[in-house]
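Structure file model_29.pdb; described as PDB, C-alpha atoms, pLDDT in the B column.
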ATOM      1  CA  LEU A   1      43.584  72.110  49.001  1.00 82.00           C
ATOM      2  CA  ARG A   2      44.531  71.711  45.388  1.00 86.00           C
ATOM      3  CA  GLY A   3      46.856  74.038  43.516  1.00 85.00           C
ATOM      4  CA  ALA A   4      49.105  76.957  44.314  1.00 86.00           C
ATOM      5  CA  GLU A   5      46.323  79.554  44.440  1.00 92.00           C
ATOM      6  CA  ALA A   6      44.332  77.570  47.008  1.00 91.00           C
ATOM      7  CA  PHE A   7      47.464  77.055  49.088  1.00 88.00           C
ATOM      8  CA  ARG A   8      48.341  80.757  48.962  1.00 91.00           C
ATOM      9  CA  GLY A   9      44.813  81.641  50.041  1.00 93.00           C
ATOM     10  CA  PHE A  10      45.056  79.239  52.968  1.00 90.00           C
ATOM     11  CA  MET A  11      48.465  80.514  54.142  1.00 91.00           C
ATOM     12  CA  GLU A  12      47.996  84.225  53.525  1.00 94.00           C
ATOM     13  CA  PRO A  13      46.301  85.123  56.842  1.00 93.00           C
ATOM     14  CA  PHE A  14      49.150  83.464  58.738  1.00 92.00           C
ATOM     15  CA  THR A  15      51.871  85.123  56.665  1.00 93.00           C
ATOM     16  CA  HIS A  16      50.440  88.527  57.575  1.00 95.00           C
ATOM     17  CA  ILE A  17      51.064  87.920  61.294  1.00 94.00           C
ATOM     18  CA  LEU A  18      54.342  85.989  60.953  1.00 96.00           C
ATOM     19  CA  THR A  19      57.362  88.008  62.089  1.00 97.00           C
ATOM     20  CA  ASP A  20      60.079  85.322  62.322  1.00 97.00           C
ATOM     21  CA  SER A  21      60.674  81.592  62.142  1.00 97.00           C
ATOM     22  CA  SER A  22      63.460  79.200  63.028  1.00 98.00           C
ATOM     23  CA  LEU A  23      64.064  75.705  61.746  1.00 98.00           C
ATOM     24  CA  LEU A  24      64.371  73.200  64.598  1.00 98.00           C
ATOM     25  CA  ALA A  25      64.937  70.035  62.546  1.00 98.00           C
ATOM     26  CA  ALA A  26      64.805  68.746  58.982  1.00 98.00           C
ATOM     27  CA  PHE A  27      64.954  65.190  57.713  1.00 97.00           C
ATOM     28  CA  GLY A  28      64.216  63.647  54.361  1.00 96.00           C
ATOM     29  CA  ASP A  29      65.049  61.607  51.329  1.00 95.00           C
ATOM     30  CA  ASP A  30      64.223  61.817  47.612  1.00 92.00           C
ATOM     31  CA  THR A  31      60.451  61.648  48.155  1.00 96.00           C
ATOM     32  CA  THR A  32      59.726  62.823  51.701  1.00 97.00           C
ATOM     33  CA  ALA A  33      60.742  65.790  53.822  1.00 96.00           C
ATOM     34  CA  LEU A  34      59.907  66.448  57.460  1.00 98.00           C
ATOM     35  CA  LEU A  35      60.425  69.939  58.847  1.00 97.00           C
ATOM     36  CA  MET A  36      59.913  71.117  62.420  1.00 98.00           C
ATOM     37  CA  TYR A  37      60.026  74.819  63.142  1.00 97.00           C
ATOM     38  CA  ASP A  38      59.048  77.505  65.607  1.00 97.00           C
ATOM     39  CA  THR A  39      57.289  80.661  64.529  1.00 96.00           C
ATOM     40  CA  LYS A  40      57.069  84.082  66.095  1.00 96.00           C
ATOM     41  CA  THR A  41      53.927  86.038  65.256  1.00 95.00           C
ATOM     42  CA  LEU A  42      52.344  89.331  66.222  1.00 94.00           C
ATOM     43  CA  PRO A  43      50.021  87.697  68.787  1.00 93.00           C
ATOM     44  CA  VAL A  44      52.426  85.062  70.233  1.00 95.00           C
ATOM     45  CA  GLU A  45      56.166  84.701  70.762  1.00 94.00           C
ATOM     46  CA  SER A  46      56.354  80.956  70.073  1.00 95.00           C
ATOM     47  CA  ALA A  47      54.088  78.678  68.050  1.00 94.00           C
ATOM     48  CA  PRO A  48      55.750  75.431  66.976  1.00 95.00           C
ATOM     49  CA  GLY A  49      54.735  73.489  63.904  1.00 95.00           C
ATOM     50  CA  ALA A  50      55.773  70.703  61.575  1.00 97.00           C
ATOM     51  CA  GLU A  51      55.256  69.753  57.950  1.00 97.00           C
ATOM     52  CA  CYS A  52      55.578  66.428  56.193  1.00 98.00           C
ATOM     53  CA  LEU A  53      55.944  66.882  52.451  1.00 96.00           C
ATOM     54  CA  THR A  54      55.771  64.347  49.660  1.00 97.00           C
ATOM     55  CA  VAL A  55      57.783  65.258  46.564  1.00 94.00           C
ATOM     56  CA  GLN A  56      57.420  63.755  43.116  1.00 95.00           C
ATOM     57  CA  ASP A  57      59.433  64.900  40.091  1.00 93.00           C
ATOM     58  CA  GLY A  58      60.589  67.996  41.991  1.00 88.00           C
ATOM     59  CA  THR A  59      57.055  69.094  42.906  1.00 89.00           C
ATOM     60  CA  ILE A  60      55.378  68.981  46.301  1.00 90.00           C
ATOM     61  CA  THR A  61      52.408  66.680  45.760  1.00 92.00           C
ATOM     62  CA  HIS A  62      51.176  66.379  49.340  1.00 93.00           C
ATOM     63  CA  MET A  63      51.678  68.332  52.534  1.00 94.00           C
ATOM     64  CA  ARG A  64      50.471  67.603  56.030  1.00 95.00           C
ATOM     65  CA  ILE A  65      50.822  70.509  58.442  1.00 95.00           C
ATOM     66  CA  ILE A  66      50.698  70.069  62.196  1.00 95.00           C
ATOM     67  CA  PHE A  67      50.481  73.339  64.075  1.00 91.00           C
ATOM     68  CA  ASN A  68      50.138  73.984  67.796  1.00 90.00           C
ATOM     69  CA  GLN A  69      47.145  76.292  68.228  1.00 91.00           C
ATOM     70  CA  ALA A  70      47.402  76.382  72.040  1.00 93.00           C
ATOM     71  CA  PRO A  71      49.478  79.607  72.184  1.00 93.00           C
ATOM     72  CA  PHE A  72      46.892  81.401  70.007  1.00 93.00           C
ATOM     73  CA  ILE A  73      43.973  80.094  72.079  1.00 93.00           C
ATOM     74  CA  ALA A  74      45.693  81.284  75.263  1.00 93.00           C
ATOM     75  CA  ALA A  75      46.386  84.712  73.732  1.00 92.00           C
ATOM     76  CA  GLU A  76      42.734  85.057  72.687  1.00 92.00           C
ATOM     77  CA  ALA A  77      41.585  84.080  76.196  1.00 92.00           C
ATOM     78  CA  ARG A  78      43.906  86.658  77.759  1.00 90.00           C
ATOM     79  CA  ALA A  79      42.658  89.341  75.348  1.00 90.00           C
ATOM     80  CA  ALA A  80      39.017  88.474  76.097  1.00 91.00           C
ATOM     81  CA  GLY A  81      39.696  88.711  79.840  1.00 86.00           C
ATOM     82  CA  SER A  82      41.318  92.152  79.582  1.00 68.00           C
TER      83      SER A  82
END
Please, can you express the file's structure as structure tokens?
Amino acid sequence: LRGAEAFRGFMEPFTHILTDSSLLAAFGDDTTALLMYDTKTLPVESAPGAECLTVQDGTITHMRIIFNQAPFIAAEARAAGS
């Protein structure tokens, strides 16, 4: 993704189901930040994730998101079996 609009478009579906989040850990220096968090969403109570951000001149220039999809897959399977 490139640019704020593309990023907003990517994140928007998730922000509509997000109900809460909690920061589990944060580490960083002048150019790198690593965040680990847990999210609570409408379909699942706990979905952990992490982000590694690269910062240059006060701007995020790169972001790698790691997100555990297993709770969502399990919720979909339960819903399909109902």
Apply the PyMOL selection byres ((chain A and resi 66) around 8) to the file shown and report the selected residues as a ChimeraX atom specification. /A:49-51,64-65,67-68
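For Phe7 of chain A, the residues within 12 Å (counting all atoms listed in the file, excluding itself and residues fewer than 5 positions away along the chain) are Leu1, Arg2, Glu12, Pro13, Phe14, Thr15, Ile60, Thr61, His62, Met63 and Ile65 of chain A.
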What does the distance between atom CA of Thr39 of chain A and atom CA of Met11 of chain A come to in Å, to one decimal place? 13.6 Å
Selection result for the PyMOL selection byres ((chain A and resi 69-80) around 7) on this file, as a PDB file with C-alpha atoms, keeping the file's coordinate frame:
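Listed below is the output, result14.pdb:
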ATOM      1  CA  PRO A  43      50.021  87.697  68.787  1.00 93.00           C
ATOM      2  CA  VAL A  44      52.426  85.062  70.233  1.00 95.00           C
ATOM      3  CA  ALA A  47      54.088  78.678  68.050  1.00 94.00           C
ATOM      4  CA  PHE A  67      50.481  73.339  64.075  1.00 91.00           C
ATOM      5  CA  ASN A  68      50.138  73.984  67.796  1.00 90.00           C
ATOM      6  CA  GLY A  81      39.696  88.711  79.840  1.00 86.00           C
ATOM      7  CA  SER A  82      41.318  92.152  79.582  1.00 68.00           C
TER       8      SER A  82
END
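Distances from A:Leu18, A:Gly3, A:Phe10, A:Thr54 to Thr41 of chain A were compared using all atoms listed in the file, and the smallest one belongs to A:Leu18.
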Option closest in space to Cys52 of chain A, from A:Leu34, A:Ile17, A:Ala26, A:Ala4 [counting all atoms listed in the file]: A:Leu34
One decimal, in Å: what's the spacing between atom CA of Thr59 of chain A and atom CA of His16 of chain A? 25.2 Å
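Relative to atom CA of Thr32 of chain A, atom CA of Asp57 of chain A is found at 11.8 Å.
Comparing A:Ser21, A:Thr31, A:Gly9, A:Gly58 by their smallest distance to Glu45 of chain A, the closest is A:Ser21 (using only C-alpha atoms).
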